file my_file20.cif (mmCIF, C-alpha atoms and all ligand atoms)
data_run
#
loop_
_atom_site.label_atom_id
_atom_site.label_comp_id
_atom_site.auth_asym_id
_atom_site.auth_seq_id
_atom_site.Cartn_x
_atom_site.Cartn_y
_atom_site.Cartn_z
CA MET Q 1 29.69 91.37 226.67
CA SER Q 2 31.23 90.99 223.21
CA SER Q 3 29.64 88.50 220.85
CA ALA Q 4 32.71 86.24 221.23
CA ASP Q 5 32.29 86.32 225.02
CA ARG Q 6 28.59 85.58 224.70
CA LEU Q 7 29.37 82.59 222.49
CA ALA Q 8 32.01 81.29 224.91
CA THR Q 9 29.63 81.72 227.87
CA THR Q 10 26.84 79.97 225.98
CA LEU Q 11 29.03 77.01 225.00
CA ALA Q 12 30.37 76.68 228.55
CA HIS Q 13 26.81 76.70 229.90
CA ALA Q 14 25.80 74.01 227.39
CA ASP Q 15 28.68 71.85 228.67
CA VAL Q 16 27.87 72.40 232.34
CA THR Q 17 24.18 71.57 231.83
CA MET Q 18 24.77 68.59 229.53
CA GLU Q 19 23.38 66.07 232.05
CA ASP Q 20 20.06 67.92 232.26
CA ALA Q 21 19.97 68.28 228.48
CA ARG Q 22 20.47 64.55 228.11
CA GLY Q 23 17.63 63.97 230.56
CA ARG Q 24 15.32 66.05 228.36
CA LEU Q 25 16.45 64.18 225.26
CA PHE Q 26 15.64 60.92 227.03
CA ASP Q 27 12.19 62.22 228.00
CA PHE Q 28 11.55 63.03 224.34
CA LEU Q 29 12.83 59.61 223.23
CA ARG Q 30 10.48 57.86 225.68
CA ILE Q 31 7.45 59.10 223.71
CA PRO Q 32 6.68 56.40 221.10
CA SER Q 33 5.61 58.92 218.44
CA ILE Q 34 5.31 56.45 215.56
CA SER Q 35 3.50 58.26 212.78
CA ALA Q 36 2.94 55.13 210.68
CA GLN Q 37 0.84 53.40 213.35
CA PRO Q 38 -2.63 54.84 214.15
CA ALA Q 39 -2.42 53.34 217.65
CA HIS Q 40 0.31 55.91 218.38
CA ALA Q 41 -1.63 58.99 217.24
CA ALA Q 42 -1.98 60.18 220.84
CA ASP Q 43 1.77 59.71 221.36
CA CYS Q 44 2.43 61.88 218.31
CA GLN Q 45 0.21 64.59 219.80
CA ARG Q 46 2.04 64.23 223.10
CA ALA Q 47 5.39 64.66 221.33
CA ALA Q 48 4.06 67.77 219.56
CA GLY Q 49 2.96 69.23 222.90
CA TRP Q 50 6.31 68.34 224.45
CA VAL Q 51 8.19 70.27 221.74
CA ARG Q 52 5.77 73.18 222.06
CA ASP Q 53 6.47 73.38 225.82
CA ARG Q 54 10.23 73.58 225.20
CA LEU Q 55 9.71 76.50 222.82
CA VAL Q 56 7.30 78.29 225.15
CA ALA Q 57 9.89 78.08 227.94
CA MET Q 58 12.31 80.04 225.73
CA GLY Q 59 9.83 82.79 224.93
CA PHE Q 60 8.69 81.56 221.53
CA ALA Q 61 5.19 82.37 220.30
CA THR Q 62 3.94 78.86 219.48
CA GLU Q 63 1.03 77.14 217.81
CA ILE Q 64 0.16 73.51 217.29
CA HIS Q 65 -1.52 73.20 213.91
CA PRO Q 66 -3.76 70.18 213.38
CA THR Q 67 -3.51 68.57 209.94
CA LYS Q 68 -5.35 65.64 208.39
CA GLY Q 69 -2.62 63.56 210.02
CA GLN Q 70 -0.20 64.49 212.82
CA PRO Q 71 0.05 68.10 214.01
CA VAL Q 72 2.75 70.60 213.04
CA VAL Q 73 4.45 72.60 215.80
CA LEU Q 74 5.32 76.15 214.83
CA GLY Q 75 7.32 78.55 216.99
CA ARG Q 76 8.50 82.05 216.29
CA HIS Q 77 10.98 84.27 218.10
CA GLU Q 78 11.77 87.78 216.88
CA GLY Q 79 15.33 87.69 218.23
CA PRO Q 80 17.03 90.63 219.94
CA ALA Q 81 15.29 94.02 219.97
CA GLY Q 82 15.97 95.86 216.73
CA TYR Q 83 17.28 92.71 215.03
CA ALA Q 84 18.01 93.42 211.37
CA GLY Q 85 19.65 90.14 210.33
CA PRO Q 86 18.25 87.23 208.37
CA THR Q 87 15.22 85.20 209.40
CA ILE Q 88 16.12 81.53 209.90
CA LEU Q 89 13.67 78.69 209.60
CA PHE Q 90 14.62 75.50 211.42
CA TYR Q 91 12.97 72.25 210.34
CA GLY Q 92 12.87 68.93 212.16
CA HIS Q 93 10.42 66.13 212.94
CA TYR Q 94 9.20 64.56 216.16
CA ASP Q 95 7.87 61.33 214.64
CA VAL Q 96 9.90 58.13 214.47
CA GLN Q 97 9.94 54.90 212.48
CA PRO Q 98 8.19 51.83 213.90
CA ALA Q 99 10.53 49.82 216.12
CA ASP Q 100 9.81 46.41 214.59
CA PRO Q 101 11.27 43.85 214.44
CA LEU Q 102 11.54 44.10 218.21
CA GLU Q 103 13.61 40.95 218.57
CA LEU Q 104 16.53 42.71 216.89
CA TRP Q 105 16.72 45.25 219.72
CA THR Q 106 18.86 44.43 222.73
CA THR Q 107 17.13 47.15 224.78
CA ASP Q 108 13.62 48.62 224.83
CA PRO Q 109 13.52 51.05 221.87
CA PHE Q 110 11.57 53.56 223.96
CA ASP Q 111 13.71 53.26 227.07
CA PRO Q 112 16.84 55.18 226.04
CA GLN Q 113 20.19 53.88 227.25
CA MET Q 114 23.79 55.03 227.17
CA ILE Q 115 25.58 52.04 225.68
CA ASP Q 116 29.33 51.45 225.51
CA GLY Q 117 30.53 51.29 221.94
CA PRO Q 118 33.95 51.00 220.31
CA ARG Q 119 34.23 54.83 220.25
CA GLY Q 120 32.77 55.69 223.64
CA LYS Q 121 29.21 55.86 224.90
CA ARG Q 122 26.29 56.40 222.59
CA VAL Q 123 22.55 56.85 222.99
CA VAL Q 124 20.45 53.90 221.85
CA ALA Q 125 16.72 54.47 221.36
CA ARG Q 126 14.27 54.71 218.45
CA GLY Q 127 14.57 58.21 217.02
CA ALA Q 128 17.87 59.06 218.74
CA VAL Q 129 19.57 59.72 215.40
CA ASP Q 130 16.46 60.50 213.37
CA ASP Q 131 15.40 63.08 214.29
CA LYS Q 132 14.92 63.68 218.01
CA GLY Q 133 18.64 63.90 218.73
CA GLN Q 134 19.14 66.54 216.05
CA VAL Q 135 16.06 68.51 217.12
CA MET Q 136 17.23 68.50 220.73
CA MET Q 137 20.73 69.58 219.73
CA PHE Q 138 19.16 72.70 218.25
CA LEU Q 139 16.66 73.31 221.05
CA GLU Q 140 19.32 72.85 223.73
CA ALA Q 141 21.66 75.28 221.95
CA LEU Q 142 18.79 77.79 221.96
CA ARG Q 143 18.20 77.10 225.64
CA ALA Q 144 21.82 77.94 226.44
CA TRP Q 145 21.54 81.21 224.48
CA HIS Q 146 18.26 81.97 226.24
CA GLU Q 147 19.64 81.27 229.72
CA VAL Q 148 23.08 82.90 229.63
CA GLY Q 149 23.87 84.21 226.15
CA GLY Q 150 21.73 87.30 226.28
CA GLY Q 151 18.72 85.74 224.58
CA ILE Q 152 17.88 84.00 221.31
CA PRO Q 153 20.39 85.57 218.90
CA ALA Q 154 18.35 85.72 215.68
CA ARG Q 155 14.81 85.84 214.33
CA LEU Q 156 13.83 82.19 214.26
CA ILE Q 157 10.93 80.18 212.95
CA VAL Q 158 10.91 76.61 214.24
CA LEU Q 159 8.81 74.07 212.36
CA ILE Q 160 8.69 70.55 213.79
CA GLU Q 161 6.39 68.20 211.93
CA GLY Q 162 5.14 64.73 212.79
CA GLU Q 163 4.82 62.87 209.49
CA GLU Q 164 8.34 62.83 208.02
CA GLU Q 165 8.58 59.08 208.37
CA VAL Q 166 5.42 58.62 206.27
CA SER Q 167 6.50 60.99 203.46
CA SER Q 168 5.01 64.18 204.98
CA PRO Q 169 1.67 63.99 203.14
CA ASN Q 170 0.29 67.07 204.89
CA LEU Q 171 3.41 69.23 204.95
CA ASP Q 172 3.16 70.66 201.42
CA PRO Q 173 -0.40 71.95 201.89
CA PHE Q 174 0.66 73.34 205.29
CA LEU Q 175 3.61 75.20 203.76
CA VAL Q 176 1.44 76.64 201.02
CA ALA Q 177 -1.29 77.71 203.45
CA HIS Q 178 1.25 79.41 205.78
CA ARG Q 179 3.56 80.77 203.10
CA ASP Q 180 3.67 84.31 204.52
CA GLN Q 181 4.13 83.20 208.12
CA LEU Q 182 7.03 80.95 207.09
CA ALA Q 183 8.91 83.45 204.91
CA ALA Q 184 12.61 83.18 205.80
CA ASP Q 185 16.06 83.88 204.37
CA PHE Q 186 17.50 80.48 205.28
CA ALA Q 187 16.04 77.06 205.93
CA LEU Q 188 18.18 75.04 208.32
CA ILE Q 189 17.34 71.36 208.22
CA SER Q 190 18.79 69.11 210.83
CA ASP Q 191 17.50 65.76 209.67
CA THR Q 192 20.88 64.74 208.35
CA GLY Q 193 23.87 62.82 209.62
CA MET Q 194 27.57 63.11 210.32
CA TRP Q 195 30.30 61.75 208.08
CA ASN Q 196 31.43 59.55 210.94
CA ILE Q 197 31.57 59.77 214.71
CA ASP Q 198 34.72 61.94 214.65
CA THR Q 199 33.74 64.22 211.77
CA PRO Q 200 30.84 66.64 212.13
CA ALA Q 201 29.18 67.58 208.86
CA LEU Q 202 27.31 70.54 207.45
CA THR Q 203 25.11 69.18 204.66
CA THR Q 204 24.86 71.79 201.95
CA ARG Q 205 22.69 69.95 199.48
CA LEU Q 206 20.32 67.03 199.42
CA ARG Q 207 19.27 65.23 196.27
CA GLY Q 208 15.62 64.69 197.02
CA ILE Q 209 13.67 62.00 195.25
CA THR Q 210 10.95 61.78 192.67
CA TYR Q 211 9.52 58.49 191.56
CA MET Q 212 6.88 57.09 189.31
CA GLN Q 213 5.44 53.81 188.20
CA VAL Q 214 5.51 53.25 184.46
CA THR Q 215 3.01 50.92 182.80
CA VAL Q 216 3.37 49.96 179.15
CA LYS Q 217 0.18 48.61 177.62
CA ALA Q 218 0.28 46.43 174.53
CA ALA Q 219 -1.76 43.47 173.26
CA LYS Q 220 -4.72 42.22 175.33
CA ARG Q 221 -3.39 38.66 175.32
CA ASP Q 222 -0.12 36.77 174.90
CA LEU Q 223 1.05 36.73 171.30
CA HIS Q 224 3.28 33.97 169.99
CA SER Q 225 6.59 35.45 168.90
CA GLY Q 226 6.76 33.05 165.96
CA LEU Q 227 3.52 34.46 164.56
CA PHE Q 228 3.59 38.07 165.75
CA GLY Q 229 7.22 38.77 166.75
CA GLY Q 230 8.74 41.77 165.02
CA SER Q 231 5.32 43.01 164.06
CA ALA Q 232 3.41 43.47 167.33
CA LEU Q 233 5.18 45.74 169.78
CA ASN Q 234 6.67 43.69 172.61
CA PRO Q 235 6.03 45.67 175.82
CA ILE Q 236 9.29 44.55 177.48
CA ASN Q 237 11.23 45.68 174.41
CA ALA Q 238 9.41 49.02 174.51
CA LEU Q 239 9.98 49.40 178.24
CA ALA Q 240 13.67 48.54 177.88
CA ARG Q 241 14.04 51.23 175.24
CA ILE Q 242 12.23 53.84 177.37
CA LEU Q 243 14.25 53.00 180.48
CA GLY Q 244 17.50 52.79 178.52
CA GLU Q 245 17.01 56.34 177.30
CA LEU Q 246 16.59 57.79 180.80
CA ALA Q 247 20.34 58.24 181.23
CA ASP Q 248 23.39 58.04 178.98
CA SER Q 249 26.37 55.76 179.58
CA GLU Q 250 27.93 58.41 181.88
CA GLY Q 251 24.79 58.52 183.98
CA HIS Q 252 23.63 61.95 182.75
CA ILE Q 253 19.86 62.05 182.86
CA GLN Q 254 18.38 62.66 179.42
CA LEU Q 255 14.91 63.88 180.36
CA PRO Q 256 14.37 67.32 178.76
CA GLY Q 257 14.62 70.10 181.34
CA PHE Q 258 15.70 67.74 184.14
CA TYR Q 259 18.71 69.85 185.17
CA ASP Q 260 16.92 73.21 184.85
CA GLY Q 261 17.33 75.13 188.09
CA ILE Q 262 19.82 72.66 189.60
CA LEU Q 263 22.97 74.42 190.78
CA PRO Q 264 26.11 72.88 189.28
CA VAL Q 265 28.65 71.39 191.67
CA SER Q 266 31.06 74.26 192.33
CA ASN Q 267 34.83 74.08 191.93
CA ALA Q 268 35.14 74.37 195.69
CA GLN Q 269 32.86 71.38 196.12
CA VAL Q 270 34.84 69.42 193.54
CA ALA Q 271 38.02 70.25 195.45
CA SER Q 272 36.42 69.17 198.71
CA GLY Q 273 35.30 66.02 196.94
CA LYS Q 274 38.95 65.14 196.43
CA ARG Q 275 39.42 65.42 200.17
CA TRP Q 276 36.63 62.90 200.64
CA THR Q 277 39.03 60.33 199.24
CA SER Q 278 41.14 60.63 202.34
CA MET Q 279 38.15 60.23 204.65
CA ARG Q 280 37.29 56.74 205.62
CA ARG Q 281 33.72 55.59 205.68
CA ARG Q 282 32.65 52.22 206.89
CA SER Q 283 30.84 51.07 203.80
CA SER Q 284 32.26 48.16 201.90
CA ALA Q 285 30.62 49.41 198.70
CA ILE Q 286 32.43 52.72 198.89
CA SER Q 287 35.72 51.56 200.33
CA ALA Q 288 35.88 48.99 197.56
CA CYS Q 289 35.82 51.90 195.12
CA ARG Q 290 39.52 52.55 194.73
CA CYS Q 291 39.51 52.45 190.97
CA ARG Q 292 40.22 48.77 191.04
CA PRO Q 293 38.17 46.55 188.74
CA VAL Q 294 35.12 46.68 191.02
CA SER Q 295 34.93 50.43 190.41
CA ALA Q 296 33.67 49.84 186.90
CA ALA Q 297 30.34 49.18 188.55
CA ILE Q 298 30.34 52.73 189.90
CA LEU Q 299 29.51 55.26 187.22
CA GLY Q 300 31.93 58.09 186.71
CA CYS Q 301 34.57 56.49 188.83
CA SER Q 302 37.80 58.04 187.68
CA GLY Q 303 38.92 58.29 191.28
CA CYS Q 304 37.02 57.86 194.50
CA GLY Q 305 36.47 61.60 194.85
CA ARG Q 306 34.34 61.63 191.73
CA ALA Q 307 32.43 58.52 192.72
CA ARG Q 308 31.71 60.06 196.12
CA GLN Q 309 30.69 63.29 194.45
CA ARG Q 310 28.16 61.29 192.48
CA ILE Q 311 26.91 59.61 195.63
CA PHE Q 312 26.42 62.85 197.55
CA ALA Q 313 25.90 65.66 195.07
CA VAL Q 314 24.75 64.52 191.64
CA SER Q 315 21.33 63.31 190.53
CA GLY Q 316 20.99 59.68 189.62
CA VAL Q 317 18.33 57.48 188.14
CA ALA Q 318 17.38 54.05 189.43
CA ILE Q 319 14.96 51.47 188.06
CA ARG Q 320 13.33 49.22 190.63
CA GLY Q 321 11.35 46.08 190.13
CA GLN Q 322 9.45 44.84 187.16
CA GLY Q 323 6.02 43.29 187.13
CA ARG Q 324 3.44 42.14 184.69
CA ARG Q 325 -0.14 43.27 184.60
CA ARG Q 326 -2.94 41.99 182.44
ZN ZN I 1 14.41 62.10 209.73
#
call {"tool": "encode", "arguments": {"input": "my_file20.cif", "output": "structure tokens"}}
result
Amino acid sequence: MSSADRLATTLAHADVTMEDARGRLFDFLRIPSISAQPAHAADCQRAAGWVRDRLVAMGFATEIHPTKGQPVVLGRHEGPAGYAGPTILFYGHYDVQPADPLELWTTDPFDPQMIDGPRGKRVVARGAVDDKGQVMMFLEALRAWHEVGGGIPARLIVLIEGEEEVSSPNLDPFLVAHRDQLAADFALISDTGMWNIDTPALTTRLRGITYMQVTVKAAKRDLHSGLFGGSALNPINALARILGELADSEGHIQLPGFYDGILPVSNAQVASGKRWTSMRRRSSAISACRCRPVSAAILGCSGCGRARQRIFAVSGVAIRGQGRRR
């Protein structure tokens, strides 16, 4: 069979077996693997075992690695005999956010349902779109390759963790400890979304986040501005100056070395950014940005394409909250 035939056969098989695949997705969604709630630790372990079983069924060598928190599932498949192509690492997570507040749900969050929506049926359950649906999309594609496509088509490492929703505190040490085992040419992360229900998306960059709390210490007690103002450093003045220097009026971050190692947005991405303008997104904040007066609030808005580019591809700085400590 040619590779095109194998692909066609695999896709047809995925279509024919969609009902069964949905059943497996629903089984996965029924496990309340809430990493933030200790009462659900056993459910997280159950979800890890469930994922492991799927991988074992497709011939993966698998391990469940305990961590200080929820376990990491690791699977490896060497691909076809004599495979000389790239090694691909797939990442996803089996944990979900807590379902509270429950009264805002119209169905049981852990009893998945197909619900009629304005654009056809959709799956409603906690974790359906983050990240169990995406993980199952990948695993079910692999299943189709395994069953009719002549086997898993590449060397794959599958890493499914269980603490993404609590900031993955044990993932970094795990990655460092298993550096050699995890060596890969590509990392494929499917913990992302689609542009809208009609437009699939390949996410090529994510901005990440780094955050810190800044405390400015000054006098031990309140100082009257009439007696000390202009002489004693006012901490709010100092803080305002520090925060004001984080970015210039165009939004470019001024921290030395901040952009080192960050790939610039390519011309092709800029061009595709212009096409974003023609794509509708149901967000009043973005759709309002049509270079009308409201757009002044959006930095760099000399056209929606550029504003969207900033939203999706360019680093930003945000200052949240302000408190007072004695
Ligand atoms: Zn996620």
call {"tool": "atom_distance", "arguments": {"input": "my_file20.cif", "atom1": "CA of Glu19 in chain Q", "atom2": "CA of Ala4 in chain Q"}}
result
24.7 Å
call {"tool": "residues_around", "arguments": {"input": "my_file20.cif", "residues": "Val124 in chain Q", "least_positions_apart": "6", "cutoff": "8 Å", "atoms": "all atoms listed in the file", "output": "ChimeraX atom specification"}}
result
/Q:109,112-115
call {"tool": "closest_atom_pairs", "arguments": {"input": "my_file20.cif", "of": "chain Q", "to": "ligand ZN 1 (chain I)", "cutoff": "7 Å", "atoms": "only C-alpha atoms and all ligand atoms", "output": "JSON lines"}}
result
{"residue": "Q:His93", "atom": "CA", "partner": "I:ZN1", "partner_atom": "ZN", "distance": 6.5}
{"residue": "Q:Asp130", "atom": "CA", "partner": "I:ZN1", "partner_atom": "ZN", "distance": 4.5}
{"residue": "Q:Asp131", "atom": "CA", "partner": "I:ZN1", "partner_atom": "ZN", "distance": 4.8}
{"residue": "Q:Glu164", "atom": "CA", "partner": "I:ZN1", "partner_atom": "ZN", "distance": 6.3}
{"residue": "Q:Glu165", "atom": "CA", "partner": "I:ZN1", "partner_atom": "ZN", "distance": 6.7}
{"residue": "Q:Asp191", "atom": "CA", "partner": "I:ZN1", "partner_atom": "ZN", "distance": 4.8}
call {"tool": "residues_around", "arguments": {"input": "my_file20.cif", "residues": "Leu156 in chain Q", "least_positions_apart": "6", "cutoff": "6 Å", "atoms": "all atoms listed in the file", "output": "list in words"}}
result
Arg76, His77, Thr87, Ile88 and Leu89 of chain Q
call {"tool": "residues_around", "arguments": {"input": "my_file20.cif", "residues": "Gln45 in chain Q", "least_positions_apart": "6", "cutoff": "8 Å", "atoms": "all atoms listed in the file", "output": "count of residues only"}}
result
3
call {"tool": "residues_around", "arguments": {"input": "my_file20.cif", "residues": "range 50-54 of chain Q", "least_positions_apart": "6", "cutoff": "9 Å", "atoms": "all atoms listed in the file", "output": "count of residues only"}}
result
12
call {"tool": "decode", "arguments": {"input": "my_file20.cif", "residues": "range 170-184 of chain Q", "atoms": "N, CA and C atoms", "output": "PDB file, in the first residue's frame"}}
result
ATOM      1  N   ASN Q 170       5.479  19.218  39.518  1.00  0.00           N
ATOM      2  CA  ASN Q 170       6.448  18.120  39.482  1.00  0.00           C
ATOM      3  C   ASN Q 170       6.920  17.763  38.079  1.00  0.00           C
ATOM      4  N   LEU Q 171       6.462  18.523  37.081  1.00  0.00           N
ATOM      5  CA  LEU Q 171       6.841  18.172  35.713  1.00  0.00           C
ATOM      6  C   LEU Q 171       8.285  18.550  35.412  1.00  0.00           C
ATOM      7  N   ASP Q 172       8.717  19.742  35.820  1.00  0.00           N
ATOM      8  CA  ASP Q 172      10.096  20.158  35.528  1.00  0.00           C
ATOM      9  C   ASP Q 172      11.108  19.164  36.078  1.00  0.00           C
ATOM     10  N   PRO Q 173      11.025  18.815  37.379  1.00  0.00           N
ATOM     11  CA  PRO Q 173      11.985  17.825  37.882  1.00  0.00           C
ATOM     12  C   PRO Q 173      11.895  16.494  37.135  1.00  0.00           C
ATOM     13  N   PHE Q 174      10.682  16.115  36.721  1.00  0.00           N
ATOM     14  CA  PHE Q 174      10.520  14.866  35.966  1.00  0.00           C
ATOM     15  C   PHE Q 174      11.247  14.960  34.629  1.00  0.00           C
ATOM     16  N   LEU Q 175      11.088  16.089  33.934  1.00  0.00           N
ATOM     17  CA  LEU Q 175      11.727  16.258  32.627  1.00  0.00           C
ATOM     18  C   LEU Q 175      13.249  16.216  32.768  1.00  0.00           C
ATOM     19  N   VAL Q 176      13.735  16.870  33.809  1.00  0.00           N
ATOM     20  CA  VAL Q 176      15.188  16.900  34.008  1.00  0.00           C
ATOM     21  C   VAL Q 176      15.695  15.486  34.315  1.00  0.00           C
ATOM     22  N   ALA Q 177      14.981  14.773  35.187  1.00  0.00           N
ATOM     23  CA  ALA Q 177      15.434  13.436  35.594  1.00  0.00           C
ATOM     24  C   ALA Q 177      15.379  12.439  34.439  1.00  0.00           C
ATOM     25  N   HIS Q 178      14.485  12.679  33.445  1.00  0.00           N
ATOM     26  CA  HIS Q 178      14.319  11.722  32.339  1.00  0.00           C
ATOM     27  C   HIS Q 178      14.747  12.326  31.009  1.00  0.00           C
ATOM     28  N   ARG Q 179      15.664  13.276  31.099  1.00  0.00           N
ATOM     29  CA  ARG Q 179      16.105  14.023  29.916  1.00  0.00           C
ATOM     30  C   ARG Q 179      16.458  13.101  28.740  1.00  0.00           C
ATOM     31  N   ASP Q 180      17.254  12.071  29.001  1.00  0.00           N
ATOM     32  CA  ASP Q 180      17.708  11.213  27.900  1.00  0.00           C
ATOM     33  C   ASP Q 180      16.547  10.424  27.296  1.00  0.00           C
ATOM     34  N   GLN Q 181      15.705   9.894  28.180  1.00  0.00           N
ATOM     35  CA  GLN Q 181      14.564   9.090  27.739  1.00  0.00           C
ATOM     36  C   GLN Q 181      13.589   9.914  26.894  1.00  0.00           C
ATOM     37  N   LEU Q 182      13.548  11.226  27.145  1.00  0.00           N
ATOM     38  CA  LEU Q 182      12.564  12.087  26.486  1.00  0.00           C
ATOM     39  C   LEU Q 182      13.128  12.809  25.265  1.00  0.00           C
ATOM     40  N   ALA Q 183      14.386  12.558  24.933  1.00  0.00           N
ATOM     41  CA  ALA Q 183      15.004  13.274  23.808  1.00  0.00           C
ATOM     42  C   ALA Q 183      14.172  13.069  22.542  1.00  0.00           C
ATOM     43  N   ALA Q 184      13.825  14.162  21.873  1.00  0.00           N
ATOM     44  CA  ALA Q 184      12.960  14.088  20.690  1.00  0.00           C
ATOM     45  C   ALA Q 184      13.296  15.235  19.745  1.00  0.00           C
TER      46      ALA Q 184
END
